[in-house]
>>> print(open('model_28.pdb').read())   # PDB, C-alpha atoms
ATOM      1  CA  MET P   1      -7.500  -7.140  29.706
ATOM      2  CA  THR P   2     -11.082  -6.157  30.519
ATOM      3  CA  ALA P   3     -13.743  -5.188  27.979
ATOM      4  CA  VAL P   4     -13.430  -1.596  29.157
ATOM      5  CA  ASP P   5      -9.671  -1.698  28.558
ATOM      6  CA  ALA P   6     -10.219  -3.189  25.098
ATOM      7  CA  ASP P   7     -12.588  -0.368  24.213
ATOM      8  CA  ARG P   8      -9.854   2.131  25.056
ATOM      9  CA  LEU P   9      -7.224   0.553  22.800
ATOM     10  CA  HIS P  10      -5.686   2.772  20.139
ATOM     11  CA  ASP P  11      -5.102   0.554  17.098
ATOM     12  CA  LEU P  12      -1.962   1.788  15.343
ATOM     13  CA  SER P  13      -1.210  -1.576  13.751
ATOM     14  CA  MET P  14      -3.159  -1.692  10.486
ATOM     15  CA  ASN P  15      -2.075   1.368   8.454
ATOM     16  CA  GLU P  16      -5.651   2.616   8.293
ATOM     17  CA  THR P  17      -6.369   6.313   7.999
ATOM     18  CA  PRO P  18      -7.398   7.914  11.310
ATOM     19  CA  HIS P  19     -10.040   9.946   9.459
ATOM     20  CA  PRO P  20     -13.594   8.650   9.010
ATOM     21  CA  PRO P  21     -14.876   8.112   5.460
ATOM     22  CA  LEU P  22     -15.567  11.311   3.589
ATOM     23  CA  PRO P  23     -19.265  12.329   3.816
ATOM     24  CA  ALA P  24     -19.691  12.188   0.030
ATOM     25  CA  LEU P  25     -18.451   8.604  -0.018
ATOM     26  CA  ARG P  26     -20.619   7.585   2.931
ATOM     27  CA  GLN P  27     -23.625   8.922   1.044
ATOM     28  CA  VAL P  28     -22.783   6.857  -2.030
ATOM     29  CA  VAL P  29     -22.581   3.731   0.118
ATOM     30  CA  ALA P  30     -25.875   4.544   1.842
ATOM     31  CA  ASP P  31     -27.601   5.060  -1.499
ATOM     32  CA  GLY P  32     -26.167   1.836  -2.843
ATOM     33  CA  ALA P  33     -27.667  -0.216  -0.033
ATOM     34  CA  ALA P  34     -31.005  -0.163  -1.861
ATOM     35  CA  LEU P  35     -29.481  -2.333  -4.609
ATOM     36  CA  LEU P  36     -27.806  -5.007  -2.516
ATOM     37  CA  ASN P  37     -29.991  -7.621  -4.207
ATOM     38  CA  ARG P  38     -28.277  -6.921  -7.552
ATOM     39  CA  TYR P  39     -24.943  -8.282  -8.743
ATOM     40  CA  PRO P  40     -22.120  -5.781  -9.344
ATOM     41  CA  ASP P  41     -20.863  -4.890 -12.796
ATOM     42  CA  ARG P  42     -18.399  -7.707 -13.349
ATOM     43  CA  LEU P  43     -16.163  -5.526 -15.549
ATOM     44  CA  ALA P  44     -16.453  -2.411 -13.336
ATOM     45  CA  GLY P  45     -17.110  -0.456 -16.528
ATOM     46  CA  ALA P  46     -17.951   2.944 -15.045
ATOM     47  CA  LEU P  47     -15.055   2.877 -12.575
ATOM     48  CA  THR P  48     -12.622   1.630 -15.219
ATOM     49  CA  ALA P  49     -13.640   4.455 -17.565
ATOM     50  CA  GLY P  50     -13.441   7.006 -14.747
ATOM     51  CA  LEU P  51      -9.976   5.845 -13.725
ATOM     52  CA  ALA P  52      -8.772   5.923 -17.326
ATOM     53  CA  ARG P  53      -9.902   9.562 -17.650
ATOM     54  CA  HIS P  54      -8.469  10.485 -14.255
ATOM     55  CA  LEU P  55      -5.096   8.883 -14.942
ATOM     56  CA  GLY P  56      -4.778   9.666 -18.639
ATOM     57  CA  VAL P  57      -4.436   6.044 -19.735
ATOM     58  CA  ALA P  58      -6.421   3.765 -22.042
ATOM     59  CA  PRO P  59      -9.370   1.940 -20.413
ATOM     60  CA  GLU P  60      -7.926  -1.301 -21.773
ATOM     61  CA  ALA P  61      -4.933  -0.831 -19.463
ATOM     62  CA  VAL P  62      -6.965  -0.560 -16.236
ATOM     63  CA  LEU P  63      -7.918  -3.540 -14.091
ATOM     64  CA  VAL P  64     -10.137  -3.055 -11.034
ATOM     65  CA  GLY P  65      -9.993  -5.587  -8.222
ATOM     66  CA  PRO P  66     -10.555  -6.380  -4.531
ATOM     67  CA  GLY P  67      -7.980  -4.059  -2.989
ATOM     68  CA  SER P  68      -4.358  -3.897  -4.063
ATOM     69  CA  ALA P  69      -3.389  -7.060  -2.175
ATOM     70  CA  GLY P  70      -6.219  -9.119  -3.640
ATOM     71  CA  LEU P  71      -5.507  -7.760  -7.091
ATOM     72  CA  LEU P  72      -1.804  -8.528  -6.754
ATOM     73  CA  GLN P  73      -2.673 -12.171  -6.053
ATOM     74  CA  HIS P  74      -4.327 -12.415  -9.464
ATOM     75  CA  LEU P  75      -1.554 -10.510 -11.208
ATOM     76  CA  VAL P  76       1.150 -12.836  -9.883
ATOM     77  CA  GLN P  77      -0.917 -15.847 -10.920
ATOM     78  CA  SER P  78      -1.434 -14.462 -14.414
ATOM     79  CA  PHE P  79       2.292 -13.777 -14.898
ATOM     80  CA  GLY P  80       3.089 -17.523 -14.606
ATOM     81  CA  PRO P  81       4.411 -20.140 -15.044
ATOM     82  CA  LYS P  82       7.995 -19.197 -14.141
ATOM     83  CA  PRO P  83       8.682 -20.232 -10.528
ATOM     84  CA  GLU P  84      10.343 -17.219  -8.843
ATOM     85  CA  VAL P  85       9.177 -13.798  -7.652
ATOM     86  CA  VAL P  86      11.803 -11.279  -6.556
ATOM     87  CA  HIS P  87      10.995  -8.824  -3.763
ATOM     88  CA  ALA P  88      12.726  -6.964  -0.940
ATOM     89  CA  ALA P  89      13.355  -9.041   2.165
ATOM     90  CA  LEU P  90      11.664  -6.520   4.459
ATOM     91  CA  SER P  91       8.583  -5.395   2.598
ATOM     92  CA  PHE P  92       4.814  -5.956   2.681
ATOM     93  CA  GLU P  93       4.214  -8.983   4.887
ATOM     94  CA  GLY P  94       1.590 -10.268   2.470
ATOM     95  CA  TYR P  95       4.034 -10.772  -0.403
ATOM     96  CA  PRO P  96       5.339 -14.219   0.671
ATOM     97  CA  LEU P  97       1.790 -15.558   1.100
ATOM     98  CA  ILE P  98       0.626 -14.057  -2.205
ATOM     99  CA  VAL P  99       3.613 -15.586  -3.995
ATOM    100  CA  ALA P 100       3.059 -19.006  -2.414
ATOM    101  CA  ASN P 101      -0.659 -18.940  -3.218
ATOM    102  CA  ALA P 102       0.242 -18.235  -6.849
ATOM    103  CA  GLY P 103       2.336 -21.403  -6.963
ATOM    104  CA  ALA P 104       5.676 -19.599  -6.977
ATOM    105  CA  ARG P 105       8.556 -19.192  -4.557
ATOM    106  CA  GLY P 106       9.811 -15.900  -3.267
ATOM    107  CA  VAL P 107      13.345 -14.625  -3.742
ATOM    108  CA  PRO P 108      13.733 -12.129  -0.869
ATOM    109  CA  VAL P 109      16.626  -9.727  -1.416
ATOM    110  CA  PRO P 110      18.263  -8.187   1.683
ATOM    111  CA  MET P 111      17.664  -4.489   2.236
ATOM    112  CA  ASP P 112      20.186  -1.695   1.918
ATOM    113  CA  GLY P 113      19.571  -0.304   5.387
ATOM    114  CA  HIS P 114      15.848   0.491   5.394
ATOM    115  CA  ARG P 115      15.565   0.721   1.600
ATOM    116  CA  HIS P 116      15.246  -1.635  -1.357
ATOM    117  CA  ASP P 117      18.638  -2.671  -2.723
ATOM    118  CA  LEU P 118      17.645  -2.258  -6.353
ATOM    119  CA  ARG P 119      20.995  -3.325  -7.759
ATOM    120  CA  ALA P 120      20.890  -6.568  -5.800
ATOM    121  CA  MET P 121      17.271  -7.084  -6.840
ATOM    122  CA  ALA P 122      18.196  -6.665 -10.508
ATOM    123  CA  ASP P 123      21.038  -9.146 -10.011
ATOM    124  CA  ALA P 124      18.519 -11.621  -8.531
ATOM    125  CA  VAL P 125      16.473 -11.670 -11.758
ATOM    126  CA  THR P 126      17.107 -14.837 -13.784
ATOM    127  CA  ASP P 127      15.445 -16.853 -16.519
ATOM    128  CA  ALA P 128      13.255 -18.307 -13.742
ATOM    129  CA  THR P 129      11.854 -14.928 -12.630
ATOM    130  CA  ARG P 130       8.086 -14.564 -13.045
ATOM    131  CA  CYS P 131       7.967 -10.945 -11.859
ATOM    132  CA  VAL P 132       9.502  -8.415  -9.472
ATOM    133  CA  LEU P 133       7.612  -6.620  -6.679
ATOM    134  CA  VAL P 134       8.661  -3.107  -5.621
ATOM    135  CA  CYS P 135       6.767  -1.402  -2.787
ATOM    136  CA  ASN P 136       7.117   2.392  -2.965
ATOM    137  CA  PRO P 137       6.824   3.841  -0.346
ATOM    138  CA  ASN P 138       7.904   0.631   1.307
ATOM    139  CA  ASN P 139       5.856  -1.149   3.942
ATOM    140  CA  PRO P 140       6.956  -1.420   6.772
ATOM    141  CA  THR P 141      10.009   0.861   6.662
ATOM    142  CA  GLY P 142       8.370   3.876   4.977
ATOM    143  CA  SER P 143      11.370   4.468   2.686
ATOM    144  CA  ALA P 144      10.850   5.848  -0.815
ATOM    145  CA  LEU P 145      12.711   5.239  -4.053
ATOM    146  CA  GLY P 146      13.444   8.067  -6.491
ATOM    147  CA  ARG P 147      12.843   8.267 -10.229
ATOM    148  CA  ALA P 148      16.517   8.016 -11.246
ATOM    149  CA  GLU P 149      17.231   4.870  -9.256
ATOM    150  CA  LEU P 150      14.041   3.223 -10.486
ATOM    151  CA  GLU P 151      14.964   4.096 -14.078
ATOM    152  CA  GLU P 152      18.414   2.568 -13.594
ATOM    153  CA  PHE P 153      16.842  -0.559 -12.090
ATOM    154  CA  LEU P 154      14.342  -0.935 -14.920
ATOM    155  CA  GLY P 155      17.171  -0.586 -17.410
ATOM    156  CA  ARG P 156      18.764  -3.687 -15.876
ATOM    157  CA  VAL P 157      15.630  -5.864 -15.746
ATOM    158  CA  PRO P 158      14.746  -7.743 -18.967
ATOM    159  CA  ALA P 159      11.805  -6.164 -20.763
ATOM    160  CA  ASP P 160       9.816  -9.419 -20.645
ATOM    161  CA  VAL P 161       9.878  -9.574 -16.809
ATOM    162  CA  PRO P 162       6.942  -7.679 -15.263
ATOM    163  CA  VAL P 163       7.868  -5.186 -12.535
ATOM    164  CA  VAL P 164       4.949  -4.399 -10.233
ATOM    165  CA  ILE P 165       5.328  -1.045  -8.466
ATOM    166  CA  ASP P 166       3.006  -1.152  -5.468
ATOM    167  CA  GLU P 167       1.966   2.403  -4.635
ATOM    168  CA  ALA P 168      -0.557   1.712  -1.874
ATOM    169  CA  TYR P 169       0.864   4.609   0.190
ATOM    170  CA  ARG P 170       1.739   7.126  -2.523
ATOM    171  CA  HIS P 171      -0.804   9.728  -1.350
ATOM    172  CA  PHE P 172       1.116  10.220   1.900
ATOM    173  CA  ALA P 173       4.455  10.996   0.219
ATOM    174  CA  THR P 174       5.566  14.608   0.649
ATOM    175  CA  ASP P 175       9.039  14.416  -0.918
ATOM    176  CA  PRO P 176       8.803  16.595  -4.056
ATOM    177  CA  GLY P 177      11.056  14.091  -5.818
ATOM    178  CA  PHE P 178       8.735  11.155  -5.206
ATOM    179  CA  PRO P 179       8.105   9.598  -8.627
ATOM    180  CA  ASP P 180       4.792   8.813 -10.278
ATOM    181  CA  ALA P 181       4.947   5.175 -11.352
ATOM    182  CA  LEU P 182       2.551   5.944 -14.197
ATOM    183  CA  ASP P 183       5.374   7.878 -15.874
ATOM    184  CA  LEU P 184       7.517   4.745 -15.602
ATOM    185  CA  TYR P 185       4.634   2.697 -16.981
ATOM    186  CA  ARG P 186       4.474   4.939 -20.046
ATOM    187  CA  ASP P 187       8.217   4.580 -20.669
ATOM    188  CA  HIS P 188       8.712   0.887 -19.889
ATOM    189  CA  PRO P 189       6.563  -1.901 -21.393
ATOM    190  CA  ASN P 190       7.029  -4.209 -18.405
ATOM    191  CA  VAL P 191       5.931  -1.812 -15.620
ATOM    192  CA  CYS P 192       2.652  -2.500 -13.837
ATOM    193  CA  VAL P 193       1.310   0.016 -11.305
ATOM    194  CA  LEU P 194      -0.759  -1.073  -8.321
ATOM    195  CA  ARG P 195      -2.879   1.299  -6.203
ATOM    196  CA  THR P 196      -5.686   1.108  -3.669
ATOM    197  CA  PHE P 197      -8.612   3.080  -2.276
ATOM    198  CA  SER P 198      -8.143   1.424   1.126
ATOM    199  CA  LYS P 199      -5.535   3.724   2.648
ATOM    200  CA  ALA P 200      -5.747   7.454   1.970
ATOM    201  CA  TYR P 201      -9.347   7.284   0.708
ATOM    202  CA  GLY P 202     -10.487   5.410   3.815
ATOM    203  CA  LEU P 203     -12.390   2.660   1.939
ATOM    204  CA  ALA P 204     -10.563  -0.309   3.464
ATOM    205  CA  ALA P 205     -13.784  -2.179   4.283
ATOM    206  CA  LEU P 206     -15.008  -2.031   0.676
ATOM    207  CA  ARG P 207     -11.935  -3.754  -0.836
ATOM    208  CA  VAL P 208     -11.344  -1.890  -4.068
ATOM    209  CA  GLY P 209      -8.071  -1.173  -5.830
ATOM    210  CA  TYR P 210      -6.763  -1.026  -9.370
ATOM    211  CA  ALA P 211      -3.797  -1.808 -11.546
ATOM    212  CA  VAL P 212      -2.501  -0.098 -14.661
ATOM    213  CA  LEU P 213      -0.607  -2.527 -16.832
ATOM    214  CA  PRO P 214       0.097  -3.359 -20.461
ATOM    215  CA  ALA P 215      -3.238  -4.023 -22.153
ATOM    216  CA  ASP P 216      -2.174  -7.464 -23.335
ATOM    217  CA  ARG P 217      -1.767  -8.528 -19.713
ATOM    218  CA  VAL P 218      -5.119  -7.214 -18.484
ATOM    219  CA  MET P 219      -7.217 -10.007 -19.950
ATOM    220  CA  ALA P 220      -4.945 -12.727 -18.571
ATOM    221  CA  ALA P 221      -5.140 -11.152 -15.116
ATOM    222  CA  ARG P 222      -8.914 -10.752 -15.368
ATOM    223  CA  MET P 223      -9.312 -14.430 -16.236
ATOM    224  CA  THR P 224      -7.583 -15.476 -13.007
ATOM    225  CA  GLY P 225     -10.023 -13.466 -10.874
ATOM    226  CA  MET P 226     -13.482 -14.213  -9.639
ATOM    227  CA  VAL P 227     -16.426 -13.365 -11.885
ATOM    228  CA  PHE P 228     -17.560 -10.441  -9.711
ATOM    229  CA  PHE P 229     -14.174  -8.924  -9.009
ATOM    230  CA  ALA P 230     -15.122  -5.799  -7.048
ATOM    231  CA  ASN P 231     -18.367  -5.175  -5.186
ATOM    232  CA  SER P 232     -20.930  -2.568  -6.231
ATOM    233  CA  LEU P 233     -20.516  -0.290  -3.209
ATOM    234  CA  GLY P 234     -16.745  -0.251  -3.643
ATOM    235  CA  GLN P 235     -17.036   0.570  -7.327
ATOM    236  CA  ALA P 236     -19.511   3.411  -6.718
ATOM    237  CA  ALA P 237     -17.563   4.931  -3.819
ATOM    238  CA  ALA P 238     -14.258   4.721  -5.690
ATOM    239  CA  LEU P 239     -15.746   6.413  -8.744
ATOM    240  CA  ARG P 240     -17.126   9.241  -6.574
ATOM    241  CA  ALA P 241     -13.718   9.548  -4.929
ATOM    242  CA  LEU P 242     -12.228  10.718  -8.227
ATOM    243  CA  ASP P 243     -14.337  13.898  -8.250
ATOM    244  CA  PRO P 244     -12.454  17.171  -7.624
ATOM    245  CA  ASP P 245     -14.248  18.043  -4.364
ATOM    246  CA  VAL P 246     -13.243  14.697  -2.869
ATOM    247  CA  THR P 247      -9.653  14.833  -4.099
ATOM    248  CA  GLU P 248      -9.255  18.316  -2.598
ATOM    249  CA  GLU P 249     -10.417  17.099   0.811
ATOM    250  CA  LEU P 250      -8.230  14.010   0.411
ATOM    251  CA  ALA P 251      -5.182  16.227  -0.093
ATOM    252  CA  ARG P 252      -5.980  18.133   3.112
ATOM    253  CA  ARG P 253      -6.358  14.913   5.087
ATOM    254  CA  CYS P 254      -3.122  13.477   3.724
ATOM    255  CA  ALA P 255      -1.332  16.699   4.661
ATOM    256  CA  ASP P 256      -2.646  16.293   8.210
ATOM    257  CA  VAL P 257      -1.331  12.717   8.330
ATOM    258  CA  ALA P 258       2.055  13.921   7.073
ATOM    259  CA  ALA P 259       2.180  16.604   9.777
ATOM    260  CA  GLN P 260       1.345  14.055  12.457
ATOM    261  CA  ARG P 261       3.966  11.700  10.993
ATOM    262  CA  ALA P 262       6.605  14.414  11.306
ATOM    263  CA  ARG P 263       5.564  14.987  14.915
ATOM    264  CA  LEU P 264       5.819  11.270  15.683
ATOM    265  CA  LEU P 265       9.257  11.005  14.124
ATOM    266  CA  ALA P 266      10.537  14.077  15.953
ATOM    267  CA  GLY P 267       9.174  12.837  19.276
ATOM    268  CA  LEU P 268      10.674   9.380  18.863
ATOM    269  CA  ARG P 269      14.058  10.740  17.854
ATOM    270  CA  ASP P 270      14.045  13.197  20.747
ATOM    271  CA  ALA P 271      13.419  10.223  23.031
ATOM    272  CA  GLY P 272      16.496   8.472  21.655
ATOM    273  CA  TYR P 273      14.936   6.049  19.182
ATOM    274  CA  THR P 274      16.303   5.332  15.725
ATOM    275  CA  ALA P 275      13.445   6.100  13.344
ATOM    276  CA  PRO P 276      14.170   6.401   9.616
ATOM    277  CA  ASP P 277      12.404   8.920   7.414
ATOM    278  CA  SER P 278       8.994   7.792   6.185
ATOM    279  CA  GLU P 279       6.920   8.777   3.156
ATOM    280  CA  ALA P 280       3.963   6.599   4.210
ATOM    281  CA  ASN P 281       1.298   6.837   6.925
ATOM    282  CA  PHE P 282       3.401   4.921   9.431
ATOM    283  CA  VAL P 283       6.832   5.015  11.044
ATOM    284  CA  TRP P 284       9.319   2.204  11.545
ATOM    285  CA  LEU P 285      11.254   1.427  14.714
ATOM    286  CA  PRO P 286      14.065  -1.081  14.047
ATOM    287  CA  LEU P 287      14.059  -2.552  17.558
ATOM    288  CA  GLY P 288      15.443  -5.971  16.620
ATOM    289  CA  GLU P 289      15.079  -8.548  19.383
ATOM    290  CA  GLY P 290      13.306  -6.006  21.564
ATOM    291  CA  SER P 291      10.347  -5.760  19.192
ATOM    292  CA  ALA P 292       8.109  -8.354  20.850
ATOM    293  CA  ALA P 293       8.558  -6.936  24.350
ATOM    294  CA  PHE P 294       7.915  -3.402  23.095
ATOM    295  CA  THR P 295       4.720  -4.571  21.365
ATOM    296  CA  ALA P 296       3.482  -6.393  24.450
ATOM    297  CA  ASP P 297       4.171  -3.398  26.674
ATOM    298  CA  ALA P 298       2.415  -1.116  24.206
ATOM    299  CA  ARG P 299      -0.684  -3.301  24.295
ATOM    300  CA  ALA P 300      -0.654  -3.215  28.080
ATOM    301  CA  ALA P 301      -0.577   0.578  27.778
ATOM    302  CA  GLY P 302      -3.599   0.506  25.474
ATOM    303  CA  ILE P 303      -1.839   0.786  22.108
ATOM    304  CA  LEU P 304      -1.694  -1.781  19.314
ATOM    305  CA  VAL P 305       1.337  -1.708  16.996
ATOM    306  CA  ALA P 306       2.507  -4.137  14.313
ATOM    307  CA  CYS P 307       5.420  -6.329  15.365
ATOM    308  CA  LEU P 308       7.802  -7.965  12.917
ATOM    309  CA  ASP P 309       9.443 -10.153  15.506
ATOM    310  CA  GLY P 310      13.210  -9.840  15.622
ATOM    311  CA  ARG P 311      13.193  -6.899  13.222
ATOM    312  CA  GLY P 312      11.111  -3.984  14.357
ATOM    313  CA  VAL P 313       7.775  -2.362  15.055
ATOM    314  CA  ARG P 314       5.583  -0.450  12.617
ATOM    315  CA  VAL P 315       3.420   2.306  14.071
ATOM    316  CA  THR P 316       0.562   3.763  12.048
ATOM    317  CA  VAL P 317       0.006   7.510  12.264
ATOM    318  CA  GLY P 318      -3.208   7.889  14.223
ATOM    319  CA  THR P 319      -5.227  10.720  15.674
ATOM    320  CA  ALA P 320      -3.427  13.410  17.641
ATOM    321  CA  GLU P 321      -4.678  11.775  20.854
ATOM    322  CA  ALA P 322      -3.442   8.330  19.836
ATOM    323  CA  ASN P 323      -0.081   9.712  18.745
ATOM    324  CA  ASP P 324       0.332  11.579  22.044
ATOM    325  CA  ARG P 325      -0.467   8.414  23.956
ATOM    326  CA  PHE P 326       2.025   6.383  21.947
ATOM    327  CA  LEU P 327       4.778   8.978  22.374
ATOM    328  CA  ALA P 328       4.189   9.071  26.123
ATOM    329  CA  PHE P 329       4.476   5.284  26.228
ATOM    330  CA  ALA P 330       7.606   5.266  24.067
ATOM    331  CA  ARG P 331       9.291   7.883  26.264
ATOM    332  CA  SER P 332       8.446   5.879  29.388
ATOM    333  CA  ARG P 333      10.551   2.958  28.092
ATOM    334  CA  ARG P 334      13.772   4.929  27.632
TER     335      ARG P 334
END
>>> encode(input="model_28.pdb", output="structure tokens")
Amino acid sequence: MTAVDADRLHDLSMNETPHPPLPALRQVVADGAALLNRYPDRLAGALTAGLARHLGVAPEAVLVGPGSAGLLQHLVQSFGPKPEVVHAALSFEGYPLIVANAGARGVPVPMDGHRHDLRAMADAVTDATRCVLVCNPNNPTGSALGRAELEEFLGRVPADVPVVIDEAYRHFATDPGFPDALDLYRDHPNVCVLRTFSKAYGLAALRVGYAVLPADRVMAARMTGMVFFANSLGQAAALRALDPDVTEELARRCADVAAQRARLLAGLRDAGYTAPDSEANFVWLPLGEGSAAFTADARAAGILVACLDGRGVRVTVGTAEANDRFLAFARSRR
């Protein structure tokens, strides 16, 4: 592929927002450049306090870190020393690496179609379980779990086993029944909630996320992290992102992504593809053994998608132009 061809690629592989950073957040980053010679606040005090106010939780329950994935690494380490971590078999591709890096072994539980099999996951919890990971909405399938089924699941998991509910994509959910994991956190002493500013907020390059978890677990998790856990620009931009004017614009942008997602799903289904409902900023095509060939052909057509070889292809919702180009390619293969 030539350099010109590479410049024309539409990258729909990384689950990034198609929107540029909000102007208010760009300004915060620009202003912060004057202080690059100074170390960040190692406790992220201002952001922690701002998140606590925004979420209605105690500051002692908030832990800021380097994106949700980086923060999860430290959480899993701090939950030790039990050797097993239970998670869905088809979920965030980073989970197996995070678990291994934390000195544990994964216990992947087969899916129920495109969704977590919560009953089987509860059955997989033993005396050796360090924690359980639940991605909602799920990456890569886009499926969402409801409040009632999560409550039933939590009722079956021992109260001393942490359950991490990873809500990296919650802002894109449009189902009115989509649960707020913070409500589950308030009702269950073992629930930990994980969120990020990388996706909907468009701050992926700054690596900032946060967890809400029982206060007695915060210090243990903090002690497993690096001294300067989140950089200054990320902290400042994330704090500004909590202001009402930014959250209003965020809601409009997420609604646009949801509308484009619906258009992608409708176009793919009209073309004869099986595409399950999604509450995230991507759609899932369970292409099985045809996944690698589809991905290669898409690249040749100027489109990057994420291939889980032998299982399927995940396609991020992009700009209207990128989505049109992908749909045209997908139709051409039927």
>>> closest_residue(input="model_28.pdb", among="P:Leu154, P:Ala144, P:Leu63, P:Val246", to="P:Asp175", atoms="only C-alpha atoms")
P:Ala144
>>> resolve_selection(input="model_28.pdb", expression="the PyMOL selection byres ((chain P and resi 66-79) around 7)", output="short mmCIF file (atom, residue, chain, number, x, y, z; two decimals) with C-alpha atoms, in the frame of the given file")
data_model
loop_
_atom_site.label_atom_id
_atom_site.label_comp_id
_atom_site.auth_asym_id
_atom_site.auth_seq_id
_atom_site.Cartn_x
_atom_site.Cartn_y
_atom_site.Cartn_z
CA GLY P 65 -9.99 -5.59 -8.22
CA GLY P 80 3.09 -17.52 -14.61
CA PRO P 81 4.41 -20.14 -15.04
CA ILE P 98 0.63 -14.06 -2.20
CA VAL P 99 3.61 -15.59 -4.00
CA ALA P 102 0.24 -18.24 -6.85
CA ARG P 130 8.09 -14.56 -13.04
CA LEU P 194 -0.76 -1.07 -8.32
CA ARG P 195 -2.88 1.30 -6.20
CA THR P 196 -5.69 1.11 -3.67
CA SER P 198 -8.14 1.42 1.13
CA ARG P 207 -11.94 -3.75 -0.84
CA VAL P 208 -11.34 -1.89 -4.07
CA GLY P 209 -8.07 -1.17 -5.83
CA TYR P 210 -6.76 -1.03 -9.37
CA ALA P 220 -4.94 -12.73 -18.57
CA ALA P 221 -5.14 -11.15 -15.12
CA THR P 224 -7.58 -15.48 -13.01
CA GLY P 225 -10.02 -13.47 -10.87
CA PHE P 229 -14.17 -8.92 -9.01
CA ALA P 230 -15.12 -5.80 -7.05
#
>>> residues_around(input="model_28.pdb", residues="P:Leu43", least_positions_apart="5", cutoff="12 Å", atoms="only C-alpha atoms", output="number ranges by chain")
P: 48-49, 59-60, 62-65, 218-219, 222-223, 225-232, 235
>>> residues_near_point(input="model_28.pdb", point="(11.3, -10.5, 20.9)", cutoff="10 Å", atoms="all atoms listed in the file", output="MDAnalysis selection string")
chainID P and resid 287:296 307:312
>>> residues_around(input="model_28.pdb", residues="P:Ile303", least_positions_apart="3", cutoff="10 Å", atoms="only C-alpha atoms", output="PyMOL selection string")
chain P and resi 6+8-13+295-300+315+322-323+325-326+329
>>> resolve_selection(input="model_28.pdb", expression="the PyMOL selection byres ((chain P and resi 285) around 8)", output="list in words")
Tyr273, Thr274, Ala275, Pro276, Val283, Trp284, Pro286, Leu287, Gly312, Val313, Arg314 and Val315 of chain P
>>> resolve_selection(input="model_28.pdb", expression="the PyMOL selection byres ((chain P and resi 121) around 9)", output="PyMOL selection string")
chain P and resi 86-88+108-110+116-120+122-125+132+153
>>> write_last_selection(input="model_28.pdb", atoms="C-alpha atoms", output="PDB file, in the frame of the given file")
ATOM      1  CA  VAL P  86      11.803 -11.279  -6.556  1.00  0.00           C
ATOM      2  CA  HIS P  87      10.995  -8.824  -3.763  1.00  0.00           C
ATOM      3  CA  ALA P  88      12.726  -6.964  -0.940  1.00  0.00           C
ATOM      4  CA  PRO P 108      13.733 -12.129  -0.869  1.00  0.00           C
ATOM      5  CA  VAL P 109      16.626  -9.727  -1.416  1.00  0.00           C
ATOM      6  CA  PRO P 110      18.263  -8.187   1.683  1.00  0.00           C
ATOM      7  CA  HIS P 116      15.246  -1.635  -1.357  1.00  0.00           C
ATOM      8  CA  ASP P 117      18.638  -2.671  -2.723  1.00  0.00           C
ATOM      9  CA  LEU P 118      17.645  -2.258  -6.353  1.00  0.00           C
ATOM     10  CA  ARG P 119      20.995  -3.325  -7.759  1.00  0.00           C
ATOM     11  CA  ALA P 120      20.890  -6.568  -5.800  1.00  0.00           C
ATOM     12  CA  ALA P 122      18.196  -6.665 -10.508  1.00  0.00           C
ATOM     13  CA  ASP P 123      21.038  -9.146 -10.011  1.00  0.00           C
ATOM     14  CA  ALA P 124      18.519 -11.621  -8.531  1.00  0.00           C
ATOM     15  CA  VAL P 125      16.473 -11.670 -11.758  1.00  0.00           C
ATOM     16  CA  VAL P 132       9.502  -8.415  -9.472  1.00  0.00           C
ATOM     17  CA  PHE P 153      16.842  -0.559 -12.090  1.00  0.00           C
TER      18      PHE P 153
END
>>> atom_distance(input="model_28.pdb", atom1="atom CA of P:Val85", atom2="atom CA of P:Thr129")
5.8 Å
>>> closest_residue(input="model_28.pdb", among="P:Gly56, P:Asp41, P:Asn281, P:Ala100", to="P:Asp183", atoms="only C-alpha atoms")
P:Gly56
>>> atom_distance(input="model_28.pdb", atom1="atom CA of P:Glu167", atom2="atom CA of P:Val29")
25.0 Å
>>> atom_distance(input="model_28.pdb", atom1="atom CA of P:His114", atom2="atom CA of P:Asp256")
24.5 Å
>>> closest_residue(input="model_28.pdb", among="P:Ala200, P:Leu133, P:Leu233, P:Val193", to="P:Asp31", atoms="only C-alpha atoms")
P:Leu233
>>> build_atoms(input="model_28.pdb", residues="stretch 131-135 of chain P", atoms="N, CA, C and O atoms", output="PDB file, in the coordinates of the input")
ATOM      1  N   CYS P 131       8.172 -12.386 -11.966  1.00  0.00           N
ATOM      2  CA  CYS P 131       7.967 -10.945 -11.859  1.00  0.00           C
ATOM      3  C   CYS P 131       8.769 -10.423 -10.688  1.00  0.00           C
ATOM      4  O   CYS P 131       9.334 -11.192  -9.903  1.00  0.00           O
ATOM      5  N   VAL P 132       8.811  -9.092 -10.570  1.00  0.00           N
ATOM      6  CA  VAL P 132       9.502  -8.415  -9.472  1.00  0.00           C
ATOM      7  C   VAL P 132       8.498  -7.497  -8.789  1.00  0.00           C
ATOM      8  O   VAL P 132       7.717  -6.804  -9.465  1.00  0.00           O
ATOM      9  N   LEU P 133       8.512  -7.470  -7.453  1.00  0.00           N
ATOM     10  CA  LEU P 133       7.612  -6.620  -6.679  1.00  0.00           C
ATOM     11  C   LEU P 133       8.412  -5.511  -6.000  1.00  0.00           C
ATOM     12  O   LEU P 133       9.378  -5.786  -5.286  1.00  0.00           O
ATOM     13  N   VAL P 134       7.995  -4.266  -6.227  1.00  0.00           N
ATOM     14  CA  VAL P 134       8.661  -3.107  -5.621  1.00  0.00           C
ATOM     15  C   VAL P 134       7.602  -2.283  -4.900  1.00  0.00           C
ATOM     16  O   VAL P 134       6.666  -1.776  -5.526  1.00  0.00           O
ATOM     17  N   CYS P 135       7.727  -2.150  -3.594  1.00  0.00           N
ATOM     18  CA  CYS P 135       6.767  -1.402  -2.787  1.00  0.00           C
ATOM     19  C   CYS P 135       7.311   0.002  -2.550  1.00  0.00           C
ATOM     20  O   CYS P 135       8.362   0.168  -1.919  1.00  0.00           O
TER      21      CYS P 135
END
